[in-house]
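Enquirer: Dumping the structure here so I can ask a few things about it.
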Amino acid sequence: MNSFSADIAFNLARVRERIATAASRVGRRESEITLVAVSKTFPAEAIRAAYDAGLRHFGENRVQEWDSKQSALADLQATWHLIGHLQSNKARRAAFLFNRVDSLDDLSLAQRLHAAADAEGKSLPVLIEVHLGGEESKSGVAEKDLPGLAAAVAPFAHLDLIGLMAVPPFFEEPERVRPFFRRLHELRDDLASRLGRPLPVLSMGMSHDFEIAIEEGATEIRVGSALFGARTANPAQPVTQ
Ligand SMILES: *Cc1c(COP(=O)(O)O)cnc(C)c1O
């Protein structure tokens, strides 16, 4: 128990209700949807409280920030996801610190990550992040370049391509994001048939719009503020502890 525990347990119960309600609307089971707790800007104690409340997947968007927190959490058996843009000079460290990279969007980055995973002696599961239009998100591969990137990444022995991720534009009215989620689902299905292998993971939906994402087939949702509260620190700045 720490100062975050009560709020996070309360918020998690609410999020789980929202997941269950959305899933049942479309005849899906809650257990089909993995909740990735996005802990960026929050301290290690908040992550520990979330872990104690039952969460086992965590997303961080900056390598350095996670590097500064991870040693305090080395005893936790969780899956640590990198969900933010990765600079290739940090690929080596990322392959060491994370169990999954959800934001792969470039071939030279994939090559570096592959070499780093090879050096670590591991196979790193990855998602390709797709840029679905809109100005807000600058990361992600353009739709037209997705098949080429996926075909190049698929044979890498130390990267395991398991699905797609996207951060669509933000709309006040969550219903307006539905076409973007539907599009990512279609792109995943097309790509799986082109590659002749399953791509089981579809990571889409955040605090504001995850119900719509679940209705459109999300297998993972990435939820920050609805679990941890509003972020006060500027996520563009490294968190100093
Ligand atoms: C911050 C972030 C989230 C979570 O956003 P919330 O609106 O706080 O739920 C999800 N995905 C990515 C890529 C993020 O950077």
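Just remember, in the structure tokens the first chain shown is A, the second B, etc., residues are 1-based per chain, and ligands are 1-based in the order shown.
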Go through the chains and note each residue within 7 Å of ligand 1, using only C-alpha atoms and all ligand atoms, then give the set as a PyMOL selection string.

Expert: chain A and resi 38+40+61+83-84+167+206-208+222-226

Enquirer: I need the chosen residues saved as an mmCIF file, in the first residue's frame, with all heavy atoms.

Expert:
```
data_model
loop_
_atom_site.group_PDB
_atom_site.id
_atom_site.type_symbol
_atom_site.label_atom_id
_atom_site.label_comp_id
_atom_site.auth_asym_id
_atom_site.auth_seq_id
_atom_site.Cartn_x
_atom_site.Cartn_y
_atom_site.Cartn_z
ATOM 1 N N VAL A 38 -0.687 2.953 -18.899
ATOM 2 C CA VAL A 38 0.320 3.897 -19.399
ATOM 3 C C VAL A 38 0.765 4.797 -18.244
ATOM 4 O O VAL A 38 0.023 5.664 -17.782
ATOM 5 C CB VAL A 38 -0.236 4.717 -20.574
ATOM 6 C CG1 VAL A 38 0.793 5.753 -21.028
ATOM 7 C CG2 VAL A 38 -0.603 3.789 -21.733
ATOM 8 N N LYS A 40 3.567 6.762 -17.959
ATOM 9 C CA LYS A 40 4.460 7.902 -18.224
ATOM 10 C C LYS A 40 4.109 9.075 -17.306
ATOM 11 O O LYS A 40 2.923 9.316 -17.041
ATOM 12 C CB LYS A 40 4.348 8.326 -19.684
ATOM 13 C CG LYS A 40 2.981 8.895 -20.063
ATOM 14 C CD LYS A 40 2.848 9.086 -21.567
ATOM 15 C CE LYS A 40 1.501 9.703 -21.896
ATOM 16 N NZ LYS A 40 1.156 9.548 -23.309
ATOM 17 N N ASN A 61 6.475 5.896 -22.651
ATOM 18 C CA ASN A 61 6.764 6.412 -23.988
ATOM 19 C C ASN A 61 8.183 6.928 -24.184
ATOM 20 O O ASN A 61 8.534 7.304 -25.295
ATOM 21 C CB ASN A 61 5.719 7.454 -24.420
ATOM 22 C CG ASN A 61 5.796 8.724 -23.618
ATOM 23 O OD1 ASN A 61 6.337 8.716 -22.511
ATOM 24 N ND2 ASN A 61 5.281 9.799 -24.165
ATOM 25 N N ILE A 83 5.834 2.471 -25.886
ATOM 26 C CA ILE A 83 4.712 2.881 -26.738
ATOM 27 C C ILE A 83 4.972 4.197 -27.458
ATOM 28 O O ILE A 83 4.140 4.666 -28.213
ATOM 29 C CB ILE A 83 3.401 2.991 -25.919
ATOM 30 C CG1 ILE A 83 3.541 4.035 -24.805
ATOM 31 C CG2 ILE A 83 3.004 1.633 -25.342
ATOM 32 C CD1 ILE A 83 2.215 4.397 -24.143
ATOM 33 N N GLY A 84 6.137 4.816 -27.188
ATOM 34 C CA GLY A 84 6.430 6.110 -27.807
ATOM 35 C C GLY A 84 7.506 5.987 -28.867
ATOM 36 O O GLY A 84 8.146 4.940 -29.011
ATOM 37 N N VAL A 167 -2.220 5.629 -32.940
ATOM 38 C CA VAL A 167 -2.723 6.740 -32.117
ATOM 39 C C VAL A 167 -3.457 7.672 -33.075
ATOM 40 O O VAL A 167 -2.845 8.512 -33.716
ATOM 41 C CB VAL A 167 -1.577 7.524 -31.439
ATOM 42 C CG1 VAL A 167 -2.148 8.608 -30.529
ATOM 43 C CG2 VAL A 167 -0.655 6.600 -30.657
ATOM 44 N N MET A 206 -7.535 4.738 -26.070
ATOM 45 C CA MET A 206 -6.921 5.326 -24.884
ATOM 46 C C MET A 206 -8.048 5.713 -23.911
ATOM 47 O O MET A 206 -9.201 5.366 -24.144
ATOM 48 C CB MET A 206 -6.062 6.544 -25.297
ATOM 49 C CG MET A 206 -5.199 6.193 -26.483
ATOM 50 S SD MET A 206 -3.835 7.238 -27.029
ATOM 51 C CE MET A 206 -4.090 8.829 -26.370
ATOM 52 N N SER A 207 -7.704 6.410 -22.828
ATOM 53 C CA SER A 207 -8.699 6.693 -21.774
ATOM 54 C C SER A 207 -10.023 7.217 -22.326
ATOM 55 O O SER A 207 -11.100 6.832 -21.876
ATOM 56 C CB SER A 207 -8.153 7.739 -20.793
ATOM 57 O OG SER A 207 -7.090 7.194 -20.056
ATOM 58 N N HIS A 208 -9.909 8.098 -23.289
ATOM 59 C CA HIS A 208 -11.033 8.863 -23.795
ATOM 60 C C HIS A 208 -11.934 8.071 -24.762
ATOM 61 O O HIS A 208 -13.111 8.393 -24.908
ATOM 62 C CB HIS A 208 -10.393 10.069 -24.507
ATOM 63 C CG HIS A 208 -11.313 10.965 -25.227
ATOM 64 N ND1 HIS A 208 -12.220 11.766 -24.570
ATOM 65 C CD2 HIS A 208 -11.474 11.221 -26.546
ATOM 66 C CE1 HIS A 208 -12.880 12.478 -25.466
ATOM 67 N NE2 HIS A 208 -12.463 12.164 -26.663
ATOM 68 N N ARG A 222 -4.584 1.099 -24.379
ATOM 69 C CA ARG A 222 -3.501 1.758 -23.629
ATOM 70 C C ARG A 222 -4.108 2.897 -22.823
ATOM 71 O O ARG A 222 -4.538 3.900 -23.398
ATOM 72 C CB ARG A 222 -2.444 2.291 -24.598
ATOM 73 C CG ARG A 222 -1.877 1.231 -25.555
ATOM 74 C CD ARG A 222 -0.885 1.857 -26.520
ATOM 75 N NE ARG A 222 -1.410 3.051 -27.156
ATOM 76 C CZ ARG A 222 -2.104 3.047 -28.285
ATOM 77 N NH1 ARG A 222 -2.350 1.935 -28.953
ATOM 78 N NH2 ARG A 222 -2.578 4.185 -28.773
ATOM 79 N N VAL A 223 -4.173 2.717 -21.515
ATOM 80 C CA VAL A 223 -4.933 3.641 -20.680
ATOM 81 C C VAL A 223 -4.032 4.290 -19.638
ATOM 82 O O VAL A 223 -3.420 3.592 -18.817
ATOM 83 C CB VAL A 223 -6.111 2.895 -20.019
ATOM 84 C CG1 VAL A 223 -6.892 3.837 -19.108
ATOM 85 C CG2 VAL A 223 -7.030 2.299 -21.087
ATOM 86 N N GLY A 224 -3.933 5.611 -19.683
ATOM 87 C CA GLY A 224 -3.111 6.353 -18.728
ATOM 88 C C GLY A 224 -3.966 7.099 -17.724
ATOM 89 O O GLY A 224 -4.180 6.652 -16.599
ATOM 90 N N SER A 225 -4.488 8.248 -18.133
ATOM 91 C CA SER A 225 -5.147 9.152 -17.175
ATOM 92 C C SER A 225 -6.351 8.531 -16.470
ATOM 93 O O SER A 225 -6.593 8.838 -15.303
ATOM 94 C CB SER A 225 -5.513 10.465 -17.860
ATOM 95 O OG SER A 225 -6.198 10.216 -19.057
ATOM 96 N N ALA A 226 -7.092 7.667 -17.130
ATOM 97 C CA ALA A 226 -8.256 7.058 -16.463
ATOM 98 C C ALA A 226 -7.838 6.146 -15.308
ATOM 99 O O ALA A 226 -8.633 5.856 -14.421
ATOM 100 C CB ALA A 226 -9.119 6.287 -17.464
#
```

Enquirer: Do a neighbour search on Leu12 (chain A) at 7 Å with only C-alpha atoms, toss out local chain neighbours closer than 4 positions, and write the hits as a list in words.

Expert: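 Returned residues: Ile8, Arg16 and Leu227 of chain A.
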
Enquirer: Mind checking DSSP for region 21-119 of chain A and telling me the helix (DSSP H, G or I) residues as a tab-separated table (two decimals) with C-alpha atoms, in the first residue's frame?

Expert:
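The result, written out as states_12.tsv:
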```tsv
chain	number	residue	atom	x	y	z
A	21	THR	CA	-19.72	-2.96	-20.85
A	22	ALA	CA	-18.13	-2.14	-24.20
A	23	ALA	CA	-17.11	-5.77	-24.79
A	24	SER	CA	-20.58	-7.07	-24.01
A	25	ARG	CA	-22.18	-4.61	-26.47
A	30	GLU	CA	-13.47	-8.88	-21.21
A	31	SER	CA	-10.68	-11.45	-21.10
A	32	GLU	CA	-9.99	-10.87	-24.83
A	44	ALA	CA	7.57	4.08	-9.61
A	45	GLU	CA	5.25	3.97	-6.55
A	46	ALA	CA	2.23	4.55	-8.79
A	47	ILE	CA	3.31	1.63	-10.98
A	48	ARG	CA	3.76	-0.55	-7.92
A	49	ALA	CA	0.29	0.38	-6.67
A	50	ALA	CA	-1.16	-0.51	-10.09
A	51	TYR	CA	0.72	-3.81	-10.04
A	52	ASP	CA	-0.61	-4.59	-6.56
A	63	VAL	CA	13.38	5.13	-22.87
A	64	GLN	CA	15.16	7.47	-20.44
A	65	GLU	CA	12.15	7.94	-18.22
A	66	TRP	CA	11.62	4.19	-17.88
A	67	ASP	CA	15.34	3.73	-17.32
A	68	SER	CA	15.12	6.06	-14.30
A	69	LYS	CA	12.18	4.14	-12.78
A	70	GLN	CA	12.83	0.51	-13.63
A	71	SER	CA	15.45	-0.34	-11.00
A	72	ALA	CA	12.90	0.42	-8.23
A	73	LEU	CA	10.52	-2.11	-9.83
A	88	SER	CA	17.62	4.75	-33.22
A	89	ASN	CA	20.48	5.73	-30.90
A	90	LYS	CA	18.33	4.40	-28.02
A	91	ALA	CA	17.49	1.09	-29.71
A	92	ARG	CA	20.14	-0.80	-27.78
A	93	ARG	CA	18.91	0.39	-24.40
A	94	ALA	CA	15.27	-0.12	-25.41
A	95	ALA	CA	15.91	-3.75	-26.36
A	96	PHE	CA	17.41	-4.26	-22.93
A	97	LEU	CA	14.74	-2.44	-20.89
A	107	LEU	CA	13.19	0.00	-41.24
A	108	SER	CA	16.53	1.35	-40.04
A	109	LEU	CA	15.10	1.39	-36.53
A	110	ALA	CA	13.96	-2.21	-36.99
A	111	GLN	CA	17.47	-3.17	-38.09
A	112	ARG	CA	19.01	-1.57	-35.01
A	113	LEU	CA	16.46	-3.12	-32.72
A	114	HIS	CA	17.02	-6.50	-34.33
A	115	ALA	CA	20.78	-6.26	-33.83
A	116	ALA	CA	20.25	-5.17	-30.22
A	117	ALA	CA	17.80	-8.02	-29.50
A	118	ASP	CA	20.28	-10.42	-31.09
A	119	ALA	CA	23.03	-9.10	-28.79
```

Enquirer: CA of Thr79 (chain A) and CA of Gly133 (chain A) are how many Å apart?

Expert: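 Value for the CA of Thr79 (chain A)-CA of Gly133 (chain A) distance: 29.2 Å.
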
Enquirer: Residues near Val126 (chain A), anyone? I mean within 10 Å using only C-alpha atoms, not counting same-chain ones fewer than 5 positions away, as a ChimeraX atom specification.

Expert: /A:81-82,99-104,110,113,153,159-165,201

Enquirer: I need the residue nearest Val26 (chain A) from this list: A:Ile212, A:Leu149, A:Ala230, A:Ala9. Use only C-alpha atoms for the distance.

Expert: A:Ile212

Enquirer: Report the distance between CA of Gly148 (chain A) and CA of Arg62 (chain A) in Å, rounded to one decimal place.

Expert: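 Pair CA of Gly148 (chain A) / CA of Arg62 (chain A) returns 26.4 Å.
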
Enquirer: With a distance cut-off of 10 Å and only C-alpha atoms, select the neighbouring residues of Leu195 (chain A), excluding the residue or stretch itself and same-chain residues fewer than 4 positions from it, and output the selection as a VMD selection string.

Expert: chain A and resid 147 150 to 151 154 190 to 191 199

Enquirer: If DSSP is run on the backbone, what residues of region 35-171 of chain A are strand (DSSP E)? A reply as a short mmCIF file (atom, residue, chain, number, x, y, z; two decimals) with all heavy atoms, in the first residue's frame would be ideal.

Expert:
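Output (states_17.cif):
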```
data_model
loop_
_atom_site.label_atom_id
_atom_site.label_comp_id
_atom_site.auth_asym_id
_atom_site.auth_seq_id
_atom_site.Cartn_x
_atom_site.Cartn_y
_atom_site.Cartn_z
N LEU A 35 -5.32 -4.85 -20.86
CA LEU A 35 -5.24 -3.46 -20.42
C LEU A 35 -3.76 -3.11 -20.18
O LEU A 35 -3.12 -3.69 -19.30
CB LEU A 35 -6.06 -3.30 -19.14
CG LEU A 35 -6.01 -1.95 -18.42
CD1 LEU A 35 -6.42 -0.80 -19.35
CD2 LEU A 35 -6.92 -1.99 -17.19
N VAL A 36 -3.25 -2.20 -20.99
CA VAL A 36 -1.88 -1.72 -20.82
C VAL A 36 -1.96 -0.40 -20.06
O VAL A 36 -2.55 0.57 -20.55
CB VAL A 36 -1.17 -1.53 -22.17
CG1 VAL A 36 0.26 -1.02 -21.97
CG2 VAL A 36 -1.16 -2.83 -22.97
N ALA A 37 -1.41 -0.37 -18.86
CA ALA A 37 -1.46 0.83 -18.02
C ALA A 37 -0.33 1.76 -18.45
O ALA A 37 0.84 1.40 -18.37
CB ALA A 37 -1.32 0.44 -16.56
N VAL A 38 -0.69 2.95 -18.90
CA VAL A 38 0.32 3.90 -19.40
C VAL A 38 0.77 4.80 -18.24
O VAL A 38 0.02 5.66 -17.78
CB VAL A 38 -0.24 4.72 -20.57
CG1 VAL A 38 0.79 5.75 -21.03
CG2 VAL A 38 -0.60 3.79 -21.73
N HIS A 57 0.59 -5.28 -17.40
CA HIS A 57 1.16 -4.67 -18.61
C HIS A 57 1.26 -3.17 -18.39
O HIS A 57 0.29 -2.53 -17.98
CB HIS A 57 0.27 -4.94 -19.83
CG HIS A 57 0.32 -6.35 -20.29
ND1 HIS A 57 1.10 -6.77 -21.35
CD2 HIS A 57 -0.29 -7.45 -19.81
CE1 HIS A 57 0.95 -8.07 -21.52
NE2 HIS A 57 0.10 -8.51 -20.60
N PHE A 58 2.46 -2.63 -18.69
CA PHE A 58 2.68 -1.21 -18.50
C PHE A 58 3.32 -0.61 -19.75
O PHE A 58 4.16 -1.25 -20.39
CB PHE A 58 3.59 -0.97 -17.29
CG PHE A 58 2.93 -1.37 -15.99
CD1 PHE A 58 3.06 -2.66 -15.50
CD2 PHE A 58 2.13 -0.47 -15.30
CE1 PHE A 58 2.41 -3.05 -14.33
CE2 PHE A 58 1.48 -0.85 -14.14
CZ PHE A 58 1.60 -2.14 -13.65
N GLY A 59 2.90 0.61 -20.08
CA GLY A 59 3.45 1.31 -21.24
C GLY A 59 4.13 2.59 -20.81
O GLY A 59 3.59 3.36 -20.01
N GLU A 60 5.32 2.80 -21.37
CA GLU A 60 6.06 4.04 -21.14
C GLU A 60 6.44 4.58 -22.51
O GLU A 60 6.72 3.80 -23.44
CB GLU A 60 7.34 3.75 -20.34
CG GLU A 60 7.09 3.43 -18.87
CD GLU A 60 6.96 4.69 -18.00
OE1 GLU A 60 7.43 5.77 -18.41
OE2 GLU A 60 6.41 4.56 -16.89
N THR A 79 4.96 -7.11 -18.02
CA THR A 79 5.41 -6.88 -19.39
C THR A 79 5.51 -5.37 -19.59
O THR A 79 4.52 -4.65 -19.41
CB THR A 79 4.41 -7.50 -20.39
OG1 THR A 79 4.31 -8.89 -20.11
CG2 THR A 79 4.90 -7.32 -21.83
N TRP A 80 6.71 -4.93 -19.94
CA TRP A 80 6.97 -3.49 -20.09
C TRP A 80 6.98 -3.14 -21.57
O TRP A 80 7.81 -3.65 -22.34
CB TRP A 80 8.31 -3.14 -19.42
CG TRP A 80 8.40 -3.66 -18.01
CD1 TRP A 80 9.10 -4.75 -17.58
CD2 TRP A 80 7.74 -3.15 -16.84
NE1 TRP A 80 8.91 -4.94 -16.23
CE2 TRP A 80 8.09 -3.97 -15.74
CE3 TRP A 80 6.87 -2.06 -16.61
CZ2 TRP A 80 7.61 -3.75 -14.44
CZ3 TRP A 80 6.40 -1.84 -15.31
CH2 TRP A 80 6.77 -2.68 -14.26
N HIS A 81 6.06 -2.27 -21.96
CA HIS A 81 5.90 -1.92 -23.38
C HIS A 81 6.48 -0.52 -23.64
O HIS A 81 6.14 0.42 -22.91
CB HIS A 81 4.42 -1.80 -23.76
CG HIS A 81 3.61 -3.05 -23.58
ND1 HIS A 81 2.87 -3.59 -24.61
CD2 HIS A 81 3.38 -3.84 -22.51
CE1 HIS A 81 2.21 -4.66 -24.16
NE2 HIS A 81 2.50 -4.84 -22.90
N LEU A 82 7.26 -0.39 -24.68
CA LEU A 82 7.60 0.95 -25.17
C LEU A 82 6.51 1.35 -26.16
O LEU A 82 6.29 0.65 -27.17
CB LEU A 82 8.97 0.96 -25.86
CG LEU A 82 9.35 2.33 -26.44
CD1 LEU A 82 9.52 3.39 -25.36
CD2 LEU A 82 10.62 2.23 -27.28
N ARG A 100 8.57 -5.42 -24.94
CA ARG A 100 7.86 -5.24 -26.19
C ARG A 100 8.03 -3.83 -26.70
O ARG A 100 8.06 -2.90 -25.92
CB ARG A 100 6.38 -5.51 -25.98
CG ARG A 100 6.00 -6.65 -26.88
CD ARG A 100 4.64 -6.97 -27.12
NE ARG A 100 3.76 -5.92 -27.42
CZ ARG A 100 2.44 -6.07 -27.26
NH1 ARG A 100 1.95 -7.18 -26.78
NH2 ARG A 100 1.65 -5.09 -27.60
N VAL A 101 8.14 -3.69 -28.01
CA VAL A 101 8.16 -2.36 -28.62
C VAL A 101 6.90 -2.26 -29.47
O VAL A 101 6.72 -3.00 -30.44
CB VAL A 101 9.44 -2.12 -29.44
CG1 VAL A 101 9.35 -0.81 -30.22
CG2 VAL A 101 10.66 -2.10 -28.51
N ASP A 102 6.00 -1.34 -29.09
CA ASP A 102 4.70 -1.22 -29.75
C ASP A 102 4.69 -0.13 -30.81
O ASP A 102 3.65 0.16 -31.39
CB ASP A 102 3.62 -0.90 -28.71
CG ASP A 102 3.38 -2.04 -27.72
OD1 ASP A 102 4.00 -3.11 -27.89
OD2 ASP A 102 2.58 -1.85 -26.78
N SER A 103 5.84 0.52 -31.03
CA SER A 103 5.86 1.74 -31.83
C SER A 103 6.91 1.69 -32.94
O SER A 103 7.49 2.70 -33.29
CB SER A 103 6.14 2.93 -30.90
OG SER A 103 7.24 2.63 -30.05
N LEU A 104 7.14 0.51 -33.49
CA LEU A 104 8.10 0.38 -34.58
C LEU A 104 7.52 1.04 -35.83
O LEU A 104 6.39 0.76 -36.22
CB LEU A 104 8.36 -1.11 -34.83
CG LEU A 104 9.53 -1.45 -35.75
CD1 LEU A 104 10.85 -1.00 -35.12
CD2 LEU A 104 9.57 -2.95 -36.00
N LEU A 124 12.39 -10.14 -29.56
CA LEU A 124 11.59 -9.03 -29.04
C LEU A 124 10.29 -8.93 -29.82
O LEU A 124 10.30 -8.70 -31.03
CB LEU A 124 12.41 -7.74 -29.22
CG LEU A 124 11.93 -6.47 -28.55
CD1 LEU A 124 11.95 -6.60 -27.02
CD2 LEU A 124 12.81 -5.30 -28.99
N PRO A 125 9.14 -9.10 -29.15
CA PRO A 125 7.87 -8.90 -29.85
C PRO A 125 7.69 -7.42 -30.20
O PRO A 125 8.03 -6.56 -29.39
CB PRO A 125 6.80 -9.35 -28.84
CG PRO A 125 7.54 -10.01 -27.73
CD PRO A 125 8.95 -9.49 -27.75
N VAL A 126 7.19 -7.16 -31.39
CA VAL A 126 7.00 -5.77 -31.82
C VAL A 126 5.63 -5.60 -32.48
O VAL A 126 5.08 -6.53 -33.08
CB VAL A 126 8.09 -5.29 -32.81
CG1 VAL A 126 9.47 -5.28 -32.16
CG2 VAL A 126 8.12 -6.13 -34.09
N LEU A 127 5.12 -4.36 -32.37
CA LEU A 127 3.97 -3.94 -33.17
C LEU A 127 4.47 -2.86 -34.11
O LEU A 127 5.37 -2.09 -33.75
CB LEU A 127 2.88 -3.33 -32.28
CG LEU A 127 2.35 -4.16 -31.11
CD1 LEU A 127 1.26 -3.39 -30.37
CD2 LEU A 127 1.83 -5.50 -31.58
N ILE A 128 3.90 -2.78 -35.28
CA ILE A 128 4.18 -1.65 -36.15
C ILE A 128 3.13 -0.58 -35.89
O ILE A 128 1.93 -0.86 -35.84
CB ILE A 128 4.18 -2.06 -37.64
CG1 ILE A 128 5.40 -2.95 -37.92
CG2 ILE A 128 4.23 -0.81 -38.54
CD1 ILE A 128 5.50 -3.43 -39.37
N GLU A 129 3.62 0.65 -35.66
CA GLU A 129 2.71 1.78 -35.45
C GLU A 129 2.37 2.39 -36.80
O GLU A 129 3.25 2.72 -37.60
CB GLU A 129 3.35 2.83 -34.54
CG GLU A 129 2.41 4.00 -34.30
CD GLU A 129 2.97 5.08 -33.38
OE1 GLU A 129 4.07 4.89 -32.81
OE2 GLU A 129 2.30 6.12 -33.26
N VAL A 130 1.08 2.55 -37.04
CA VAL A 130 0.60 3.09 -38.32
C VAL A 130 0.10 4.51 -38.10
O VAL A 130 -0.63 4.79 -37.15
CB VAL A 130 -0.54 2.21 -38.90
CG1 VAL A 130 -0.94 2.71 -40.27
CG2 VAL A 130 -0.12 0.75 -38.95
N HIS A 131 0.48 5.38 -39.00
CA HIS A 131 0.00 6.76 -38.99
C HIS A 131 -1.29 6.80 -39.80
O HIS A 131 -1.26 6.56 -41.01
CB HIS A 131 1.06 7.67 -39.60
CG HIS A 131 0.67 9.11 -39.58
ND1 HIS A 131 1.02 9.94 -38.57
CD2 HIS A 131 -0.07 9.84 -40.43
CE1 HIS A 131 0.52 11.14 -38.80
NE2 HIS A 131 -0.14 11.10 -39.93
N VAL A 141 4.20 4.63 -39.39
CA VAL A 141 4.49 4.49 -40.81
C VAL A 141 3.23 4.85 -41.60
O VAL A 141 2.11 4.57 -41.16
CB VAL A 141 4.97 3.04 -41.10
CG1 VAL A 141 3.88 2.01 -40.81
CG2 VAL A 141 5.46 2.90 -42.53
N ALA A 142 3.41 5.50 -42.75
CA ALA A 142 2.27 5.83 -43.61
C ALA A 142 1.63 4.52 -44.10
O ALA A 142 2.33 3.53 -44.31
CB ALA A 142 2.74 6.66 -44.80
N LEU A 159 13.16 -10.30 -34.03
CA LEU A 159 11.97 -9.46 -33.83
C LEU A 159 10.77 -10.33 -34.18
O LEU A 159 10.79 -11.04 -35.18
CB LEU A 159 11.99 -8.22 -34.73
CG LEU A 159 13.11 -7.21 -34.53
CD1 LEU A 159 12.93 -6.03 -35.50
CD2 LEU A 159 13.18 -6.71 -33.09
N ASP A 160 9.75 -10.26 -33.34
CA ASP A 160 8.56 -11.06 -33.60
C ASP A 160 7.39 -10.11 -33.85
O ASP A 160 6.84 -9.53 -32.91
CB ASP A 160 8.30 -11.96 -32.37
CG ASP A 160 7.16 -12.93 -32.62
OD1 ASP A 160 6.78 -13.14 -33.79
OD2 ASP A 160 6.65 -13.49 -31.62
N LEU A 161 7.06 -9.94 -35.12
CA LEU A 161 5.97 -9.02 -35.49
C LEU A 161 4.62 -9.66 -35.16
O LEU A 161 4.25 -10.68 -35.73
CB LEU A 161 6.06 -8.70 -36.99
CG LEU A 161 4.94 -7.80 -37.54
CD1 LEU A 161 4.93 -6.43 -36.86
CD2 LEU A 161 5.08 -7.66 -39.05
N ILE A 162 3.92 -9.06 -34.19
CA ILE A 162 2.66 -9.68 -33.73
C ILE A 162 1.43 -8.81 -33.93
O ILE A 162 0.33 -9.24 -33.58
CB ILE A 162 2.76 -10.12 -32.24
CG1 ILE A 162 3.12 -8.94 -31.34
CG2 ILE A 162 3.76 -11.26 -32.07
CD1 ILE A 162 3.03 -9.27 -29.84
N GLY A 163 1.59 -7.61 -34.49
CA GLY A 163 0.37 -6.82 -34.70
C GLY A 163 0.65 -5.36 -35.02
O GLY A 163 1.78 -4.99 -35.35
N LEU A 164 -0.41 -4.57 -34.91
CA LEU A 164 -0.36 -3.15 -35.26
C LEU A 164 -0.86 -2.29 -34.10
O LEU A 164 -1.66 -2.72 -33.28
CB LEU A 164 -1.24 -2.87 -36.49
CG LEU A 164 -0.91 -3.59 -37.79
CD1 LEU A 164 -1.88 -3.15 -38.89
CD2 LEU A 164 0.53 -3.35 -38.23
N MET A 165 -0.37 -1.06 -34.11
CA MET A 165 -0.76 -0.06 -33.11
C MET A 165 -1.03 1.25 -33.82
O MET A 165 -0.46 1.50 -34.90
CB MET A 165 0.39 0.08 -32.12
CG MET A 165 0.16 0.99 -30.94
SD MET A 165 0.57 2.72 -31.24
CE MET A 165 1.85 2.96 -30.03
N ALA A 166 -1.92 2.07 -33.27
CA ALA A 166 -2.10 3.42 -33.81
C ALA A 166 -2.58 4.37 -32.73
O ALA A 166 -3.22 3.97 -31.76
CB ALA A 166 -3.10 3.41 -34.97
#
```

Enquirer: What does the structure give for the distance between CA of Ile33 (chain A) and CA of Ile214 (chain A), in Å to one decimal?

Expert: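 Interatomic distance, CA of Ile33 (chain A) to CA of Ile214 (chain A): 7.8 Å.
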
Enquirer: Pick the closest to Ala6 (chain A) from A:Phe228, A:Pro155, A:Gly140, A:Asp189: which is it, counting only C-alpha atoms?

Expert: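 The closest residue to Ala6 (chain A) is A:Phe228.
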